[in-house]
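As provided, query_4.csv (CSV, C-alpha atoms and all ligand atoms) reads as follows.
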chain,number,residue,atom,x,y,z
B,954,MET,CA,37.8,-2.4,-75.9
B,955,THR,CA,36.1,-0.6,-73.0
B,956,ALA,CA,35.8,-1.7,-69.4
B,957,THR,CA,35.3,-0.5,-65.9
B,958,ALA,CA,38.2,0.5,-63.7
B,959,ARG,CA,40.4,-2.2,-62.1
B,960,THR,CA,41.0,-2.5,-58.4
B,961,SER,CA,44.4,-2.8,-56.8
B,962,THR,CA,46.4,-2.1,-53.7
B,963,ARG,CA,48.5,1.1,-53.9
B,964,ARG,CA,51.8,1.3,-52.1
B,965,ASP,CA,52.0,4.1,-49.5
B,966,PRO,CA,53.0,7.6,-50.6
B,967,GLY,CA,56.4,7.4,-49.0
B,968,ALA,CA,57.3,4.3,-51.1
B,969,LEU,CA,55.9,5.8,-54.3
B,970,ARG,CA,57.7,9.1,-53.6
B,971,ALA,CA,61.0,7.2,-53.3
B,972,ILE,CA,60.4,5.3,-56.5
B,973,ALA,CA,59.7,8.5,-58.3
B,974,ALA,CA,62.9,10.1,-57.1
B,975,SER,CA,64.9,7.1,-58.1
B,976,GLY,CA,63.3,7.1,-61.5
B,977,ALA,CA,64.0,10.8,-62.0
B,978,ARG,CA,67.7,10.2,-61.2
B,979,GLU,CA,67.9,7.1,-63.4
B,980,LEU,CA,66.2,8.6,-66.4
B,981,GLY,CA,67.5,12.2,-66.3
B,982,PRO,CA,65.5,15.3,-67.1
B,983,ASP,CA,65.2,14.8,-70.9
B,984,ALA,CA,64.7,11.1,-71.2
B,985,ALA,CA,63.2,9.7,-74.4
B,986,ALA,CA,59.5,8.8,-74.4
B,987,ASP,CA,60.1,5.1,-74.9
B,988,ASP,CA,62.6,5.0,-72.0
B,989,VAL,CA,60.2,6.8,-69.7
B,990,VAL,CA,57.3,4.4,-70.5
B,991,ALA,CA,59.6,1.3,-70.3
B,992,TRP,CA,60.7,2.5,-66.8
B,993,ALA,CA,57.1,3.0,-65.7
B,994,VAL,CA,56.0,-0.4,-67.0
B,995,GLU,CA,58.9,-2.1,-65.2
B,996,ALA,CA,58.2,-0.3,-62.0
B,997,PHE,CA,54.4,-0.5,-61.9
B,998,GLY,CA,53.1,-3.0,-64.4
B,999,GLU,CA,49.3,-2.9,-64.6
B,1000,GLY,CA,49.4,-0.3,-61.8
B,1001,LEU,CA,50.1,2.2,-64.6
B,1002,ALA,CA,47.3,4.0,-66.3
B,1003,VAL,CA,47.2,6.5,-69.1
B,1004,ALA,CA,45.1,9.7,-69.0
B,1005,SER,CA,43.8,10.9,-72.3
B,1006,SER,CA,41.6,13.8,-73.3
B,1007,MET,CA,41.1,12.1,-76.7
B,1008,GLN,CA,42.8,15.0,-78.5
B,1009,ASP,CA,45.0,12.3,-80.1
B,1010,ALA,CA,45.9,8.7,-79.3
B,1011,VAL,CA,49.7,9.1,-79.4
B,1012,LEU,CA,50.3,8.5,-75.7
B,1013,PRO,CA,47.9,5.5,-75.5
B,1014,HIS,CA,49.5,4.0,-78.6
B,1015,LEU,CA,53.0,4.5,-77.3
B,1016,VAL,CA,52.3,3.0,-73.9
B,1017,SER,CA,50.3,0.1,-75.4
B,1018,GLN,CA,53.5,-0.9,-77.3
B,1019,HIS,CA,55.1,-1.6,-73.8
B,1020,LEU,CA,51.9,-2.6,-71.9
B,1021,PRO,CA,49.2,-4.1,-74.2
B,1022,GLY,CA,45.7,-3.6,-72.9
B,1023,VAL,CA,46.8,-0.7,-70.7
B,1024,ASP,CA,43.9,1.2,-69.0
B,1025,VAL,CA,43.3,4.6,-70.7
B,1026,LEU,CA,41.3,6.9,-68.5
B,1027,PHE,CA,39.0,9.3,-70.3
B,1028,GLY,CA,37.4,12.1,-68.3
B,1029,ASP,CA,33.9,12.0,-69.6
B,1030,THR,CA,32.6,15.3,-68.3
B,1031,GLY,CA,29.4,15.1,-70.3
B,1032,TYR,CA,30.4,18.3,-72.1
B,1033,HIS,CA,32.7,17.0,-74.9
B,1034,PHE,CA,32.5,17.7,-78.6
B,1035,ALA,CA,31.0,14.9,-80.7
B,1036,GLU,CA,34.4,14.6,-82.4
B,1037,THR,CA,36.0,13.9,-79.0
B,1038,TYR,CA,33.6,11.0,-78.3
B,1039,ASP,CA,34.2,9.7,-81.8
B,1040,THR,CA,38.0,9.7,-81.1
B,1041,ARG,CA,37.4,7.8,-77.9
B,1042,ASP,CA,35.3,5.2,-79.7
B,1043,ARG,CA,38.1,4.8,-82.4
B,1044,VAL,CA,40.8,4.5,-79.7
B,1045,ALA,CA,38.7,1.7,-78.0
B,1046,ALA,CA,38.2,-0.1,-81.3
B,1047,GLU,CA,41.6,0.3,-83.0
B,1048,LEU,CA,44.2,0.2,-80.2
B,1049,ASP,CA,45.3,-2.5,-77.8
B,1050,VAL,CA,44.1,-0.5,-74.8
B,1051,THR,CA,41.2,-0.6,-72.4
B,1052,VAL,CA,39.3,2.7,-72.4
B,1053,VAL,CA,37.8,3.6,-69.0
B,1054,ASP,CA,35.2,6.4,-69.0
B,1055,VAL,CA,35.8,8.4,-65.8
B,1056,ARG,CA,32.5,10.1,-65.0
B,1057,PRO,CA,31.4,12.6,-62.4
B,1058,ARG,CA,29.0,11.5,-59.6
B,1059,LEU,CA,26.3,13.7,-61.0
B,1060,SER,CA,25.1,13.9,-64.7
B,1061,VAL,CA,25.0,17.4,-66.2
B,1062,THR,CA,21.2,17.5,-65.6
B,1063,GLN,CA,21.6,16.5,-62.0
B,1064,GLN,CA,24.4,19.1,-61.5
B,1065,ASP,CA,22.2,21.8,-63.1
B,1066,ILE,CA,19.4,20.9,-60.6
B,1067,ARG,CA,21.8,20.9,-57.7
B,1068,VAL,CA,23.9,24.1,-58.3
B,1069,GLY,CA,22.1,25.8,-61.2
B,1070,PRO,CA,22.7,25.6,-65.0
B,1071,ARG,CA,25.8,26.5,-66.9
B,1072,LEU,CA,28.2,26.4,-63.9
B,1073,PHE,CA,31.1,26.6,-66.4
B,1074,GLU,CA,30.1,30.2,-67.1
B,1075,ARG,CA,29.7,31.2,-63.5
B,1076,ASP,CA,32.5,29.2,-61.8
B,1077,PRO,CA,34.6,27.2,-64.2
B,1078,ALA,CA,37.1,26.2,-61.4
B,1079,GLU,CA,34.2,24.6,-59.4
B,1080,CYS,CA,32.8,23.0,-62.6
B,1081,CYS,CA,36.3,21.5,-63.4
B,1082,ARG,CA,36.6,20.3,-59.8
B,1083,LEU,CA,33.3,18.5,-59.9
B,1084,ARG,CA,33.5,17.1,-63.4
B,1085,LYS,CA,37.2,16.4,-63.9
B,1086,VAL,CA,39.4,16.6,-60.8
B,1087,GLU,CA,37.4,14.7,-58.2
B,1088,PRO,CA,36.3,11.9,-60.6
B,1089,LEU,CA,39.9,11.4,-61.7
B,1090,ARG,CA,41.1,11.4,-58.1
B,1091,ALA,CA,38.7,8.5,-57.4
B,1092,ALA,CA,39.8,6.6,-60.5
B,1093,LEU,CA,43.5,7.1,-59.8
B,1094,ALA,CA,43.1,5.5,-56.4
B,1095,ASP,CA,43.3,2.2,-58.2
B,1096,TYR,CA,46.7,2.8,-59.6
B,1097,GLU,CA,50.3,3.7,-58.5
B,1098,CYS,CA,51.3,5.7,-61.6
B,1099,TRP,CA,49.6,7.7,-64.3
B,1100,ALA,CA,51.0,8.8,-67.6
B,1101,THR,CA,49.9,12.1,-69.2
B,1102,GLY,CA,50.5,13.8,-72.5
B,1103,VAL,CA,51.7,17.1,-70.9
B,1104,ARG,CA,54.5,18.7,-72.9
B,1105,ARG,CA,56.8,21.6,-72.1
B,1106,ALA,CA,55.9,23.2,-75.4
B,1107,ASP,CA,52.2,23.4,-74.4
B,1108,GLY,CA,52.8,26.8,-72.9
B,1109,PRO,CA,54.6,28.8,-70.1
B,1110,THR,CA,52.8,27.0,-67.2
B,1111,ARG,CA,54.2,23.7,-68.5
B,1112,ALA,CA,57.7,24.7,-69.4
B,1113,THR,CA,59.4,22.9,-66.6
B,1114,THR,CA,57.3,19.6,-66.8
B,1115,PRO,CA,59.5,16.7,-65.5
B,1116,VAL,CA,59.5,13.3,-67.1
B,1117,VAL,CA,58.8,11.6,-63.8
B,1118,THR,CA,57.7,13.1,-60.5
B,1119,PHE,CA,55.5,12.3,-57.4
B,1120,ASP,CA,52.1,13.9,-57.9
B,1121,GLU,CA,51.2,15.5,-54.6
B,1122,THR,CA,47.7,16.3,-55.8
B,1123,PHE,CA,46.7,12.7,-56.4
B,1124,GLY,CA,49.2,10.8,-54.3
B,1125,LEU,CA,50.8,8.7,-56.9
B,1126,VAL,CA,53.7,8.7,-59.4
B,1127,LYS,CA,53.2,10.8,-62.5
B,1128,VAL,CA,55.1,10.3,-65.8
B,1129,ASN,CA,55.1,12.7,-68.7
B,1130,PRO,CA,56.8,10.7,-71.5
B,1131,LEU,CA,56.1,13.4,-74.1
B,1132,ALA,CA,57.5,16.2,-72.0
B,1133,THR,CA,60.3,17.1,-74.4
B,1134,TRP,CA,58.2,16.7,-77.6
B,1135,SER,CA,57.1,19.5,-80.0
B,1136,GLY,CA,53.7,19.6,-81.6
B,1137,ASP,CA,55.4,18.4,-84.8
B,1138,ASP,CA,56.8,15.4,-83.0
B,1139,VAL,CA,53.2,14.5,-82.0
B,1140,THR,CA,51.9,15.0,-85.5
B,1141,THR,CA,54.7,12.9,-87.0
B,1142,TYR,CA,54.2,10.0,-84.6
B,1143,ALA,CA,50.4,10.0,-85.2
B,1144,PHE,CA,51.0,10.0,-88.9
B,1145,GLU,CA,53.7,7.3,-88.9
B,1146,HIS,CA,51.7,5.0,-86.7
B,1147,GLY,CA,48.3,5.7,-88.0
B,1148,VAL,CA,46.8,6.4,-84.6
B,1149,PRO,CA,43.4,8.2,-84.3
B,1150,VAL,CA,43.4,12.0,-83.9
B,1151,ASN,CA,40.6,14.3,-83.1
B,1152,LEU,CA,39.2,15.9,-86.3
B,1153,LEU,CA,39.0,19.2,-84.5
B,1154,LEU,CA,42.8,19.5,-84.6
B,1155,ALA,CA,42.5,20.3,-88.3
B,1156,ASP,CA,39.6,22.7,-87.8
B,1157,GLY,CA,41.3,25.4,-85.8
B,1158,TYR,CA,41.4,23.7,-82.3
B,1159,PRO,CA,45.0,22.9,-81.3
B,1160,SER,CA,44.0,22.3,-77.7
B,1161,ILE,CA,40.7,20.5,-77.2
B,1162,GLY,CA,38.7,20.5,-73.9
B,1163,CYS,CA,35.0,20.6,-73.1
B,1164,ALA,CA,32.9,22.3,-75.8
B,1165,PRO,CA,31.6,25.2,-73.7
B,1166,CYS,CA,35.2,26.1,-72.7
B,1167,THR,CA,37.1,25.6,-75.9
B,1168,GLN,CA,37.3,28.1,-78.9
B,1169,ARG,CA,39.2,28.1,-82.1
B,1170,VAL,CA,42.5,30.0,-82.1
B,1171,GLU,CA,44.3,32.0,-84.8
B,1172,ALA,CA,47.1,30.2,-86.5
B,1173,GLY,CA,50.4,30.7,-84.6
B,1174,ALA,CA,48.6,31.8,-81.3
B,1175,ASP,CA,49.3,30.1,-78.0
B,1176,GLU,CA,47.8,26.6,-78.4
B,1177,ARG,CA,45.9,26.8,-75.1
B,1178,SER,CA,44.7,30.4,-75.7
B,1179,GLY,CA,41.3,29.0,-76.8
B,1180,ARG,CA,40.6,27.4,-73.4
B,1181,TRP,CA,38.4,29.2,-70.8
B,1182,VAL,CA,38.6,32.5,-72.8
B,1183,GLY,CA,37.9,35.5,-70.6
B,1184,PHE,CA,38.5,33.7,-67.3
B,1185,GLY,CA,42.3,33.9,-66.8
B,1186,LYS,CA,42.2,30.2,-66.2
B,1187,THR,CA,44.8,28.1,-68.0
B,1188,GLU,CA,44.5,24.6,-66.3
B,1189,CYS,CA,41.6,22.4,-65.2
B,1190,GLY,CA,43.3,21.4,-62.0
B,1191,LEU,CA,44.7,18.0,-63.2
B,1192,HIS,CA,48.1,19.5,-63.9
B,1193,PRO,CA,48.8,22.3,-61.4
B,1194,ALA,CA,51.6,24.6,-62.6
B,1201,LIG,FE1,33.2,22.4,-66.8
B,1201,LIG,FE2,34.4,23.8,-68.7
B,1201,LIG,FE3,35.8,22.5,-66.8
B,1201,LIG,FE4,34.5,21.1,-68.7
B,1201,LIG,S1,36.3,22.5,-69.0
B,1201,LIG,S2,34.6,20.7,-66.5
B,1201,LIG,S3,32.7,22.4,-69.0
B,1201,LIG,S4,34.5,24.3,-66.6
Could you spell out this file's structure in structure tokens?
Ligand code: SF4
Amino acid sequence: MTATARTSTRRDPGALRAIAASGARELGPDAAADDVVAWAVEAFGEGLAVASSMQDAVLPHLVSQHLPGVDVLFGDTGYHFAETYDTRDRVAAELDVTVVDVRPRLSVTQQDIRVGPRLFERDPAECCRLRKVEPLRAALADYECWATGVRRADGPTRATTPVVTFDETFGLVKVNPLATWSGDDVTTYAFEHGVPVNLLLADGYPSIGCAPCTQRVEAGADERSGRWVGFGKTECGLHPA
């Protein structure tokens, strides 16, 4: 199922910050994924959204078990691999979720005209800001909490990822239910529950972003080492270290 984003009234940052702090105390630092999701659904109901890069549908599936029809925000930058769009379409068709395509104000063509072509080669930070961060900021204004698939095992910049926190960048609560999971945990869940996974995962891409900024990596290498190769950039800005 696909739909446009919902509208709601978000509580003020002070109230949401207090809820996040209470949740962090209640859950503890290494809470189980199901417990984190159950807490977030209890605290926020339909004010909870899931963000997905469509690398796999593990988090959307897990949250949908607690909140059927949950909104799943997909940052459609216009630069994704065909396999990523295929995964999005399978998630929309096969899971009890509502996929929301979060798109930039300008199409790729309009951006090329405005700032010149291939901005991702000249200034990937600005490209990510225009095509990922600002569109998501606008979309998240409709929610009080977002759930992400960030894991501590993703790499050094994510090693201290909390299971629940207040997101100062976007002004709402952020939960990371899979924070303690290994890559094998994700694979096992996907297999056991038959959830869609991006075909590129089996083709040398352990971390999948936009096509121009994602390369294959050698077996055993840092999973995110194929992202923004040559730029010293490790994050798109959605999950500041
Ligand atoms: Fe642009 Fe690359 Fe960032 Fe995608 S990942 S928004 S193409 S810089």
query = How would you write, as a ChimeraX atom specification, the set of residues no farther than 9 Å from ligand LIG 1201 (chain B) when counting all atoms listed in the file?
reply = /B:1030-1033,1071-1086,1162-1167,1180-1181,1188-1190
File of the preceding selection, C-alpha atoms, as a PDB file, in the frame of the given file:
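Generated output (again-v7.pdb):
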ATOM      1  CA  THR B1030      32.600  15.300 -68.300  1.00  0.00           C
ATOM      2  CA  GLY B1031      29.400  15.100 -70.300  1.00  0.00           C
ATOM      3  CA  TYR B1032      30.400  18.300 -72.100  1.00  0.00           C
ATOM      4  CA  HIS B1033      32.700  17.000 -74.900  1.00  0.00           C
ATOM      5  CA  ARG B1071      25.800  26.500 -66.900  1.00  0.00           C
ATOM      6  CA  LEU B1072      28.200  26.400 -63.900  1.00  0.00           C
ATOM      7  CA  PHE B1073      31.100  26.600 -66.400  1.00  0.00           C
ATOM      8  CA  GLU B1074      30.100  30.200 -67.100  1.00  0.00           C
ATOM      9  CA  ARG B1075      29.700  31.200 -63.500  1.00  0.00           C
ATOM     10  CA  ASP B1076      32.500  29.200 -61.800  1.00  0.00           C
ATOM     11  CA  PRO B1077      34.600  27.200 -64.200  1.00  0.00           C
ATOM     12  CA  ALA B1078      37.100  26.200 -61.400  1.00  0.00           C
ATOM     13  CA  GLU B1079      34.200  24.600 -59.400  1.00  0.00           C
ATOM     14  CA  CYS B1080      32.800  23.000 -62.600  1.00  0.00           C
ATOM     15  CA  CYS B1081      36.300  21.500 -63.400  1.00  0.00           C
ATOM     16  CA  ARG B1082      36.600  20.300 -59.800  1.00  0.00           C
ATOM     17  CA  LEU B1083      33.300  18.500 -59.900  1.00  0.00           C
ATOM     18  CA  ARG B1084      33.500  17.100 -63.400  1.00  0.00           C
ATOM     19  CA  LYS B1085      37.200  16.400 -63.900  1.00  0.00           C
ATOM     20  CA  VAL B1086      39.400  16.600 -60.800  1.00  0.00           C
ATOM     21  CA  GLY B1162      38.700  20.500 -73.900  1.00  0.00           C
ATOM     22  CA  CYS B1163      35.000  20.600 -73.100  1.00  0.00           C
ATOM     23  CA  ALA B1164      32.900  22.300 -75.800  1.00  0.00           C
ATOM     24  CA  PRO B1165      31.600  25.200 -73.700  1.00  0.00           C
ATOM     25  CA  CYS B1166      35.200  26.100 -72.700  1.00  0.00           C
ATOM     26  CA  THR B1167      37.100  25.600 -75.900  1.00  0.00           C
ATOM     27  CA  ARG B1180      40.600  27.400 -73.400  1.00  0.00           C
ATOM     28  CA  TRP B1181      38.400  29.200 -70.800  1.00  0.00           C
ATOM     29  CA  GLU B1188      44.500  24.600 -66.300  1.00  0.00           C
ATOM     30  CA  CYS B1189      41.600  22.400 -65.200  1.00  0.00           C
ATOM     31  CA  GLY B1190      43.300  21.400 -62.000  1.00  0.00           C
TER      32      GLY B1190
END
query = Once you count all atoms listed in the file, which residues end up no further than 7 Å from (43.1, 8.4, -82.5) in the file's frame, shown as number ranges by chain?
reply = B: 1009-1010, 1040, 1043-1044, 1148-1151
task = Return the single residue from B:Thr1114, B:Leu1001, B:Val1170, B:Asp1029 that is closest to B:Val1061, with distances computed using all atoms listed in the file.
result = B:Asp1029
ask   = Quick one: of B:Arg1177, B:Gly1147, B:Glu1087, B:Leu1048, who's nearest to B:Ala1106, counting only C-alpha atoms?
value =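 Selected residue with least distance to B:Ala1106: B:Arg1177.
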inquiry  = Could you check the closest approach to B:Gly976 for each of B:Tyr1096, B:Tyr1158, B:Phe997, B:Phe1144 and tell me which residue wins, using only C-alpha atoms?
reply    =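 The answer is B:Phe997, which sits nearest to B:Gly976.
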task = Can you work out the spacing between atom CA of B:Glu1121 and atom CA of B:Gly1185 in Å, to one decimal?
result =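 These atoms are spaced 23.8 Å apart.
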ask   = So, counting only C-alpha atoms, which residue among B:Gly1173, B:Gly1028, B:Gly1183, B:Gly1102 is closest to B:Arg1056?
value =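 Of all the options, B:Gly1028 lies closest to B:Arg1056.
Interatomic distance, atom CA of B:Ala986 to atom CA of B:Ala1100: 10.9 Å.
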key: Who sits within 10 Å of B:Val1023, all atoms listed in the file, same chain under 5 positions skipped, as a list in words   =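 That gives Val994, Gly998, Glu999, Gly1000, Leu1001, Ala1002, Val1003, Pro1013, His1014, Val1016, Ser1017, Gln1018, Leu1048, Asp1049, Val1050, Thr1051 and Val1052 of chain B.
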All residues 9 Å or closer to B:Thr1122, all atoms listed in the file, same chain fewer than 6 positions away omitted, as a PDB file with C-alpha atoms, keeping the file's coordinate frame:
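Generated file (selection-v1.pdb):
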ATOM      1  CA  ARG B1090      41.100  11.400 -58.100  1.00  0.00           C
ATOM      2  CA  LEU B1191      44.700  18.000 -63.200  1.00  0.00           C
ATOM      3  CA  HIS B1192      48.100  19.500 -63.900  1.00  0.00           C
ATOM      4  CA  PRO B1193      48.800  22.300 -61.400  1.00  0.00           C
TER       5      PRO B1193
END
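Nearest to B:Pro1057 of all the residues B:Phe1027, B:Trp1099, B:Phe1119, B:Phe1034 is B:Phe1027, based on all atoms listed in the file.
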query = If you measure from atom CA of B:Val990 to atom CA of B:Leu1154, what distance in Å do you get, rounded to one decimal?
reply =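 Straight-line distance from atom CA of B:Val990 to atom CA of B:Leu1154 works out to 25.2 Å.
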request  = Choose the residue, out of B:Arg963, B:Val1011, B:Ser1006, B:Ala971, that has the smallest atom-to-atom separation from B:Ala1143; count only C-alpha atoms.
outcome  =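 Ranked by minimum distance to B:Ala1143, first place goes to B:Val1011.
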key: Radius query 8 Å about (61.2, 9.7, -68.3), atoms used: all atoms listed in the file, as an MDAnalysis selection string   = chainID B and resid 976:977 980:986 988:990 992 1115:1117 1128:1130
